Amino acid sequence: MARIPNQYLFVSRVVDTDRLFDPNTKSYIVVGVRDAFDYVDGKKTENIIGKNVTVMCTKDTEDYGKTKKGKKIANLAYEQFDIKVSNTNFEAPKGTPVKIELDKLEKAVGYENSFGEQVSILFSDLTLMPKQPKQPKQ
């Protein structure tokens with residue numbers, strides 16, 4: 001479960017995944033990967049059901065407009081959040097670019113708990129992309 005910055009732009013109990021993962025306006029890299037465990041009656045078991053993948057948005061060119069008070073709404077650039085992947089074998093080195101394909105989306109829901117509004121996003125897998133070579137300084 002994760003909190004996305006400016007989450008209200010993407011969530012109204014239904015996550016706008018088309019907008020959140022639009023490859024024309026956003027790019028993501030892997031920041032971390034850890035096991036996702038099953039819970040029974042609210043208690044963690046040792047049963048691994050997938051991976052929790054922390055991603056960082058490295059590019060966000062979408063204009064989110066302004067608040068009611070006229071302040072520019074920040075984009076997702078350099079923000080991190082978790083995505084669950086049901087592929088228990090998913091591994092990726094930190095900094096690896098990923099392609100987040102909506103045809104692999106299994107679930108995306110918004111909900112509220114004691115931490116406030118949250119999202120749960122589950123993909124069957126994420127596609128690893130080759131790292132872009134660094135451009136030489138001019």
# chains A, B, ... in the order shown; residues from 1 in each chain; ligands from 1
>>> residues_around(residues="range 102-113 of chain A", least_positions_apart="6", cutoff="9 Å", atoms="only C-alpha atoms", output="list in words")
Val11, Ser12, Arg13, Val14, Val15, Asp16, Thr17, Asp18, Phe21, Ser86, Val119, Ser120, Ile121, Leu122, Phe123, Ser124, Asp125 and Leu126 of chain A
>>> write_last_selection(atoms="N, CA, C and O atoms", output="PDB file, in the first residue's frame")
ATOM      1  N   VAL A  11      -6.850   9.605  -8.005  1.00  0.00           N
ATOM      2  CA  VAL A  11      -7.685   8.644  -7.294  1.00  0.00           C
ATOM      3  C   VAL A  11      -9.031   9.239  -6.915  1.00  0.00           C
ATOM      4  O   VAL A  11      -9.099  10.307  -6.338  1.00  0.00           O
ATOM      5  N   SER A  12     -10.084   8.570  -7.263  1.00  0.00           N
ATOM      6  CA  SER A  12     -11.414   8.854  -6.738  1.00  0.00           C
ATOM      7  C   SER A  12     -12.031   7.490  -6.455  1.00  0.00           C
ATOM      8  O   SER A  12     -13.038   7.116  -7.006  1.00  0.00           O
ATOM      9  N   ARG A  13     -11.311   6.745  -5.613  1.00  0.00           N
ATOM     10  CA  ARG A  13     -11.609   5.345  -5.287  1.00  0.00           C
ATOM     11  C   ARG A  13     -11.348   4.430  -6.470  1.00  0.00           C
ATOM     12  O   ARG A  13     -11.319   3.241  -6.353  1.00  0.00           O
ATOM     13  N   VAL A  14     -11.177   5.009  -7.647  1.00  0.00           N
ATOM     14  CA  VAL A  14     -10.724   4.275  -8.825  1.00  0.00           C
ATOM     15  C   VAL A  14      -9.443   4.976  -9.259  1.00  0.00           C
ATOM     16  O   VAL A  14      -9.419   6.187  -9.433  1.00  0.00           O
ATOM     17  N   VAL A  15      -8.381   4.233  -9.413  1.00  0.00           N
ATOM     18  CA  VAL A  15      -7.096   4.823  -9.773  1.00  0.00           C
ATOM     19  C   VAL A  15      -7.056   5.056 -11.282  1.00  0.00           C
ATOM     20  O   VAL A  15      -7.336   4.148 -12.062  1.00  0.00           O
ATOM     21  N   ASP A  16      -6.734   6.271 -11.692  1.00  0.00           N
ATOM     22  CA  ASP A  16      -6.623   6.612 -13.112  1.00  0.00           C
ATOM     23  C   ASP A  16      -5.260   6.133 -13.607  1.00  0.00           C
ATOM     24  O   ASP A  16      -4.315   6.905 -13.762  1.00  0.00           O
ATOM     25  N   THR A  17      -5.156   4.834 -13.856  1.00  0.00           N
ATOM     26  CA  THR A  17      -3.878   4.243 -14.250  1.00  0.00           C
ATOM     27  C   THR A  17      -3.436   4.703 -15.633  1.00  0.00           C
ATOM     28  O   THR A  17      -2.241   4.786 -15.901  1.00  0.00           O
ATOM     29  N   ASP A  18      -4.382   5.007 -16.521  1.00  0.00           N
ATOM     30  CA  ASP A  18      -4.011   5.527 -17.842  1.00  0.00           C
ATOM     31  C   ASP A  18      -3.195   6.802 -17.680  1.00  0.00           C
ATOM     32  O   ASP A  18      -2.196   7.007 -18.373  1.00  0.00           O
ATOM     33  N   PHE A  21       0.305   6.140 -15.425  1.00  0.00           N
ATOM     34  CA  PHE A  21       1.368   5.399 -16.105  1.00  0.00           C
ATOM     35  C   PHE A  21       1.441   5.723 -17.601  1.00  0.00           C
ATOM     36  O   PHE A  21       1.877   4.899 -18.403  1.00  0.00           O
ATOM     37  N   SER A  86       2.940  -9.557  -8.997  1.00  0.00           N
ATOM     38  CA  SER A  86       2.651 -10.945  -8.609  1.00  0.00           C
ATOM     39  C   SER A  86       3.731 -11.926  -9.055  1.00  0.00           C
ATOM     40  O   SER A  86       3.784 -13.053  -8.560  1.00  0.00           O
ATOM     41  N   VAL A 119      -3.508   3.712  -1.991  1.00  0.00           N
ATOM     42  CA  VAL A 119      -3.780   2.969  -3.217  1.00  0.00           C
ATOM     43  C   VAL A 119      -3.125   1.596  -3.124  1.00  0.00           C
ATOM     44  O   VAL A 119      -2.114   1.425  -2.438  1.00  0.00           O
ATOM     45  N   SER A 120      -3.722   0.645  -3.789  1.00  0.00           N
ATOM     46  CA  SER A 120      -3.133  -0.678  -3.930  1.00  0.00           C
ATOM     47  C   SER A 120      -3.098  -0.965  -5.429  1.00  0.00           C
ATOM     48  O   SER A 120      -4.149  -1.017  -6.076  1.00  0.00           O
ATOM     49  N   ILE A 121      -1.887  -1.095  -5.969  1.00  0.00           N
ATOM     50  CA  ILE A 121      -1.711  -1.309  -7.404  1.00  0.00           C
ATOM     51  C   ILE A 121      -0.957  -2.626  -7.593  1.00  0.00           C
ATOM     52  O   ILE A 121       0.126  -2.802  -7.039  1.00  0.00           O
ATOM     53  N   LEU A 122      -1.545  -3.536  -8.369  1.00  0.00           N
ATOM     54  CA  LEU A 122      -0.953  -4.851  -8.601  1.00  0.00           C
ATOM     55  C   LEU A 122      -0.825  -5.103 -10.095  1.00  0.00           C
ATOM     56  O   LEU A 122      -1.800  -4.982 -10.838  1.00  0.00           O
ATOM     57  N   PHE A 123       0.399  -5.417 -10.510  1.00  0.00           N
ATOM     58  CA  PHE A 123       0.678  -5.811 -11.889  1.00  0.00           C
ATOM     59  C   PHE A 123       1.156  -7.258 -11.890  1.00  0.00           C
ATOM     60  O   PHE A 123       1.745  -7.719 -10.912  1.00  0.00           O
ATOM     61  N   SER A 124       0.942  -7.974 -13.001  1.00  0.00           N
ATOM     62  CA  SER A 124       1.469  -9.332 -13.108  1.00  0.00           C
ATOM     63  C   SER A 124       2.988  -9.292 -13.234  1.00  0.00           C
ATOM     64  O   SER A 124       3.687 -10.163 -12.732  1.00  0.00           O
ATOM     65  N   ASP A 125       3.507  -8.250 -13.890  1.00  0.00           N
ATOM     66  CA  ASP A 125       4.948  -8.117 -14.103  1.00  0.00           C
ATOM     67  C   ASP A 125       5.235  -6.705 -14.598  1.00  0.00           C
ATOM     68  O   ASP A 125       4.325  -5.989 -15.009  1.00  0.00           O
ATOM     69  N   LEU A 126       6.489  -6.313 -14.561  1.00  0.00           N
ATOM     70  CA  LEU A 126       6.958  -5.056 -15.133  1.00  0.00           C
ATOM     71  C   LEU A 126       8.043  -5.401 -16.147  1.00  0.00           C
ATOM     72  O   LEU A 126       8.786  -6.359 -15.961  1.00  0.00           O
TER      73      LEU A 126
END
>>> closest_residue(among="A:Tyr78, A:Pro130, A:Ile100, A:Arg34", to="Arg19 in chain A", atoms="only C-alpha atoms")
A:Ile100
>>> residues_around(residues="Asp22 in chain A", least_positions_apart="6", cutoff="12 Å", atoms="only C-alpha atoms", output="ChimeraX atom specification")
/A:10,16,28,57,59-62,99-102
>>> write_last_selection(atoms="N, CA, C and O atoms", output="PDB file, in the first residue's frame")
ATOM      1  N   PHE A  10      -5.245  11.543  -9.117  1.00  0.00           N
ATOM      2  CA  PHE A  10      -5.291  10.240  -9.772  1.00  0.00           C
ATOM      3  C   PHE A  10      -6.364   9.310  -9.207  1.00  0.00           C
ATOM      4  O   PHE A  10      -6.713   8.321  -9.823  1.00  0.00           O
ATOM      5  N   ASP A  16      -6.734   6.271 -11.692  1.00  0.00           N
ATOM      6  CA  ASP A  16      -6.623   6.612 -13.112  1.00  0.00           C
ATOM      7  C   ASP A  16      -5.260   6.133 -13.607  1.00  0.00           C
ATOM      8  O   ASP A  16      -4.315   6.905 -13.762  1.00  0.00           O
ATOM      9  N   TYR A  28       9.582   5.821 -15.366  1.00  0.00           N
ATOM     10  CA  TYR A  28       9.839   5.313 -14.028  1.00  0.00           C
ATOM     11  C   TYR A  28      11.105   4.464 -13.992  1.00  0.00           C
ATOM     12  O   TYR A  28      11.453   3.817 -14.984  1.00  0.00           O
ATOM     13  N   CYS A  57       9.345   8.188 -10.249  1.00  0.00           N
ATOM     14  CA  CYS A  57       9.015   8.856 -11.504  1.00  0.00           C
ATOM     15  C   CYS A  57      10.185   9.762 -11.868  1.00  0.00           C
ATOM     16  O   CYS A  57      10.523  10.682 -11.120  1.00  0.00           O
ATOM     17  N   LYS A  59      10.453  11.234 -14.998  1.00  0.00           N
ATOM     18  CA  LYS A  59       9.990  12.254 -15.944  1.00  0.00           C
ATOM     19  C   LYS A  59       8.492  12.381 -15.803  1.00  0.00           C
ATOM     20  O   LYS A  59       7.779  11.378 -15.773  1.00  0.00           O
ATOM     21  N   ASP A  60       8.016  13.608 -15.662  1.00  0.00           N
ATOM     22  CA  ASP A  60       6.578  13.862 -15.653  1.00  0.00           C
ATOM     23  C   ASP A  60       6.359  15.218 -16.302  1.00  0.00           C
ATOM     24  O   ASP A  60       6.622  16.254 -15.702  1.00  0.00           O
ATOM     25  N   THR A  61       5.897  15.206 -17.541  1.00  0.00           N
ATOM     26  CA  THR A  61       5.696  16.454 -18.280  1.00  0.00           C
ATOM     27  C   THR A  61       4.238  16.911 -18.264  1.00  0.00           C
ATOM     28  O   THR A  61       3.910  17.922 -18.887  1.00  0.00           O
ATOM     29  N   GLU A  62       3.392  16.197 -17.545  1.00  0.00           N
ATOM     30  CA  GLU A  62       1.976  16.576 -17.499  1.00  0.00           C
ATOM     31  C   GLU A  62       1.790  17.846 -16.677  1.00  0.00           C
ATOM     32  O   GLU A  62       2.406  18.031 -15.631  1.00  0.00           O
ATOM     33  N   LYS A  99       9.137  -0.330 -17.932  1.00  0.00           N
ATOM     34  CA  LYS A  99       7.968   0.005 -18.736  1.00  0.00           C
ATOM     35  C   LYS A  99       6.772  -0.585 -18.000  1.00  0.00           C
ATOM     36  O   LYS A  99       6.722  -1.796 -17.763  1.00  0.00           O
ATOM     37  N   ILE A 100       5.851   0.261 -17.623  1.00  0.00           N
ATOM     38  CA  ILE A 100       4.675  -0.184 -16.871  1.00  0.00           C
ATOM     39  C   ILE A 100       3.519  -0.282 -17.858  1.00  0.00           C
ATOM     40  O   ILE A 100       2.967   0.719 -18.294  1.00  0.00           O
ATOM     41  N   GLU A 101       3.208  -1.526 -18.240  1.00  0.00           N
ATOM     42  CA  GLU A 101       2.227  -1.785 -19.291  1.00  0.00           C
ATOM     43  C   GLU A 101       0.866  -2.116 -18.684  1.00  0.00           C
ATOM     44  O   GLU A 101       0.742  -3.030 -17.879  1.00  0.00           O
ATOM     45  N   LEU A 102      -0.136  -1.355 -19.097  1.00  0.00           N
ATOM     46  CA  LEU A 102      -1.466  -1.500 -18.503  1.00  0.00           C
ATOM     47  C   LEU A 102      -2.124  -2.837 -18.806  1.00  0.00           C
ATOM     48  O   LEU A 102      -3.012  -3.259 -18.067  1.00  0.00           O
TER      49      LEU A 102
END
>>> residues_around(residues="Val53 in chain A", least_positions_apart="2", cutoff="8 Å", atoms="only C-alpha atoms", output="PyMOL selection string")
chain A and resi 30-34+51+55+82-85
>>> select_by_dssp(residues="range 50-122 of chain A", states="strand (DSSP E or B)", output="MDAnalysis selection string")
chainID A and resid 50:60 66 72 80:85 97:99 105:113 116:122
>>> write_last_selection(atoms="N, CA, C and O atoms", output="short mmCIF file (atom, residue, chain, number, x, y, z; two decimals), in the first residue's frame")
data_model
loop_
_atom_site.label_atom_id
_atom_site.label_comp_id
_atom_site.auth_asym_id
_atom_site.auth_seq_id
_atom_site.Cartn_x
_atom_site.Cartn_y
_atom_site.Cartn_z
N GLY A 50 4.55 -12.33 -4.04
CA GLY A 50 5.01 -11.46 -5.11
C GLY A 50 6.13 -10.57 -4.62
O GLY A 50 6.84 -10.91 -3.67
N LYS A 51 6.26 -9.42 -5.25
CA LYS A 51 7.30 -8.45 -4.90
C LYS A 51 6.67 -7.07 -4.73
O LYS A 51 5.76 -6.71 -5.49
N ASN A 52 7.15 -6.33 -3.75
CA ASN A 52 6.82 -4.92 -3.64
C ASN A 52 7.95 -4.16 -4.33
O ASN A 52 9.11 -4.28 -3.93
N VAL A 53 7.61 -3.42 -5.36
CA VAL A 53 8.60 -2.71 -6.15
C VAL A 53 8.41 -1.21 -5.91
O VAL A 53 7.34 -0.67 -6.20
N THR A 54 9.43 -0.57 -5.37
CA THR A 54 9.38 0.88 -5.21
C THR A 54 9.90 1.50 -6.50
O THR A 54 11.00 1.17 -6.95
N VAL A 55 9.07 2.35 -7.09
CA VAL A 55 9.46 3.03 -8.33
C VAL A 55 9.57 4.53 -8.08
O VAL A 55 8.94 5.06 -7.17
N MET A 56 10.40 5.18 -8.89
CA MET A 56 10.52 6.64 -8.85
C MET A 56 10.16 7.17 -10.23
O MET A 56 10.63 6.64 -11.25
N CYS A 57 9.34 8.19 -10.25
CA CYS A 57 9.02 8.86 -11.50
C CYS A 57 10.18 9.76 -11.87
O CYS A 57 10.52 10.68 -11.12
N THR A 58 10.84 9.48 -12.98
CA THR A 58 12.00 10.27 -13.39
C THR A 58 11.65 11.35 -14.40
O THR A 58 12.45 12.24 -14.65
N LYS A 59 10.45 11.23 -15.00
CA LYS A 59 9.99 12.25 -15.94
C LYS A 59 8.49 12.38 -15.80
O LYS A 59 7.78 11.38 -15.77
N ASP A 60 8.02 13.61 -15.66
CA ASP A 60 6.58 13.86 -15.65
C ASP A 60 6.36 15.22 -16.30
O ASP A 60 6.62 16.25 -15.70
N LYS A 66 -3.70 24.22 -11.46
CA LYS A 66 -3.50 24.97 -10.22
C LYS A 66 -4.55 24.59 -9.20
O LYS A 66 -5.64 24.13 -9.54
N LYS A 72 0.47 26.42 -8.33
CA LYS A 72 0.76 25.35 -9.32
C LYS A 72 0.87 24.01 -8.59
O LYS A 72 1.53 23.89 -7.57
N GLN A 80 8.43 8.83 -5.22
CA GLN A 80 8.48 7.37 -5.17
C GLN A 80 7.17 6.81 -4.60
O GLN A 80 6.55 7.45 -3.76
N PHE A 81 6.81 5.62 -5.07
CA PHE A 81 5.69 4.89 -4.49
C PHE A 81 5.85 3.41 -4.84
O PHE A 81 6.67 3.04 -5.68
N ASP A 82 5.07 2.57 -4.17
CA ASP A 82 5.19 1.12 -4.33
C ASP A 82 4.13 0.58 -5.28
O ASP A 82 2.98 1.04 -5.29
N ILE A 83 4.55 -0.42 -6.04
CA ILE A 83 3.67 -1.21 -6.89
C ILE A 83 3.92 -2.66 -6.51
O ILE A 83 5.07 -3.08 -6.33
N LYS A 84 2.87 -3.43 -6.36
CA LYS A 84 3.04 -4.86 -6.10
C LYS A 84 3.05 -5.60 -7.43
O LYS A 84 2.28 -5.28 -8.34
N VAL A 85 3.94 -6.59 -7.56
CA VAL A 85 4.06 -7.42 -8.76
C VAL A 85 3.85 -8.87 -8.34
O VAL A 85 4.49 -9.34 -7.39
N PRO A 97 15.38 1.31 -15.57
CA PRO A 97 14.11 1.83 -16.11
C PRO A 97 13.11 0.69 -16.30
O PRO A 97 13.50 -0.43 -16.66
N VAL A 98 11.83 0.98 -16.03
CA VAL A 98 10.79 -0.03 -16.24
C VAL A 98 9.69 0.55 -17.12
O VAL A 98 9.38 1.74 -17.05
N LYS A 99 9.14 -0.33 -17.93
CA LYS A 99 7.97 0.01 -18.74
C LYS A 99 6.77 -0.58 -18.00
O LYS A 99 6.72 -1.80 -17.76
N LEU A 105 -1.83 -4.97 -15.81
CA LEU A 105 -2.48 -4.51 -14.59
C LEU A 105 -3.51 -5.53 -14.12
O LEU A 105 -4.36 -5.96 -14.89
N GLU A 106 -3.41 -5.93 -12.86
CA GLU A 106 -4.37 -6.87 -12.29
C GLU A 106 -5.37 -6.17 -11.38
O GLU A 106 -6.53 -6.56 -11.32
N LYS A 107 -4.92 -5.12 -10.66
CA LYS A 107 -5.81 -4.43 -9.74
C LYS A 107 -5.24 -3.05 -9.44
O LYS A 107 -4.03 -2.89 -9.30
N ALA A 108 -6.11 -2.07 -9.33
CA ALA A 108 -5.72 -0.73 -8.89
C ALA A 108 -6.92 -0.12 -8.19
O ALA A 108 -7.93 0.19 -8.84
N VAL A 109 -6.84 0.01 -6.88
CA VAL A 109 -7.96 0.54 -6.11
C VAL A 109 -7.48 1.59 -5.12
O VAL A 109 -6.35 1.52 -4.63
N GLY A 110 -8.34 2.52 -4.85
CA GLY A 110 -8.10 3.50 -3.80
C GLY A 110 -8.96 3.14 -2.61
O GLY A 110 -10.05 2.61 -2.75
N TYR A 111 -8.45 3.40 -1.41
CA TYR A 111 -9.20 3.10 -0.19
C TYR A 111 -8.69 4.00 0.92
O TYR A 111 -7.67 4.67 0.78
N GLU A 112 -9.39 3.99 2.03
CA GLU A 112 -8.98 4.81 3.17
C GLU A 112 -8.77 3.90 4.38
O GLU A 112 -9.52 2.95 4.60
N ASN A 113 -7.69 4.19 5.12
CA ASN A 113 -7.45 3.48 6.38
C ASN A 113 -6.95 4.49 7.39
O ASN A 113 -7.06 5.70 7.18
N GLY A 116 -4.88 7.38 6.17
CA GLY A 116 -5.48 8.28 5.19
C GLY A 116 -5.80 7.54 3.91
O GLY A 116 -5.96 6.33 3.90
N GLU A 117 -5.89 8.29 2.82
CA GLU A 117 -6.20 7.67 1.53
C GLU A 117 -4.96 6.95 1.01
O GLU A 117 -3.86 7.49 1.03
N GLN A 118 -5.16 5.74 0.55
CA GLN A 118 -4.08 4.88 0.05
C GLN A 118 -4.48 4.30 -1.30
O GLN A 118 -5.64 4.38 -1.70
N VAL A 119 -3.51 3.71 -1.99
CA VAL A 119 -3.78 2.97 -3.22
C VAL A 119 -3.12 1.60 -3.12
O VAL A 119 -2.11 1.43 -2.44
N SER A 120 -3.72 0.65 -3.79
CA SER A 120 -3.13 -0.68 -3.93
C SER A 120 -3.10 -0.96 -5.43
O SER A 120 -4.15 -1.02 -6.08
N ILE A 121 -1.89 -1.10 -5.97
CA ILE A 121 -1.71 -1.31 -7.40
C ILE A 121 -0.96 -2.63 -7.59
O ILE A 121 0.13 -2.80 -7.04
N LEU A 122 -1.54 -3.54 -8.37
CA LEU A 122 -0.95 -4.85 -8.60
C LEU A 122 -0.82 -5.10 -10.10
O LEU A 122 -1.80 -4.98 -10.84
#
>>> select_by_dssp(residues="chain A", states="helix (DSSP H, G or I)", output="MDAnalysis selection string")
chainID A and resid 7:9 17:20 102:104
>>> closest_residue(among="A:Thr88, A:Thr96, A:Thr127, A:Asn24", to="Phe37 in chain A", atoms="only C-alpha atoms")
A:Thr88
>>> closest_residue(among="A:Glu79, A:Glu46, A:Asp63, A:Asp41", to="Thr25 in chain A", atoms="only C-alpha atoms")
A:Asp63
>>> closest_residue(among="A:Ala92, A:Ser27, A:Tyr64, A:Tyr39", to="Leu128 in chain A", atoms="only C-alpha atoms")
A:Ala92
>>> atom_distance(atom1="CA of Gly95 in chain A", atom2="CA of Lys131 in chain A")
8.1 Å
>>> residues_around(residues="Gly65 in chain A", least_positions_apart="3", cutoff="12 Å", atoms="only C-alpha atoms", output="number ranges by chain")
A: 6, 9, 61-62, 68-75
>>> atom_distance(atom1="CA of Ile29 in chain A", atom2="CA of Lys134 in chain A")
15.1 Å
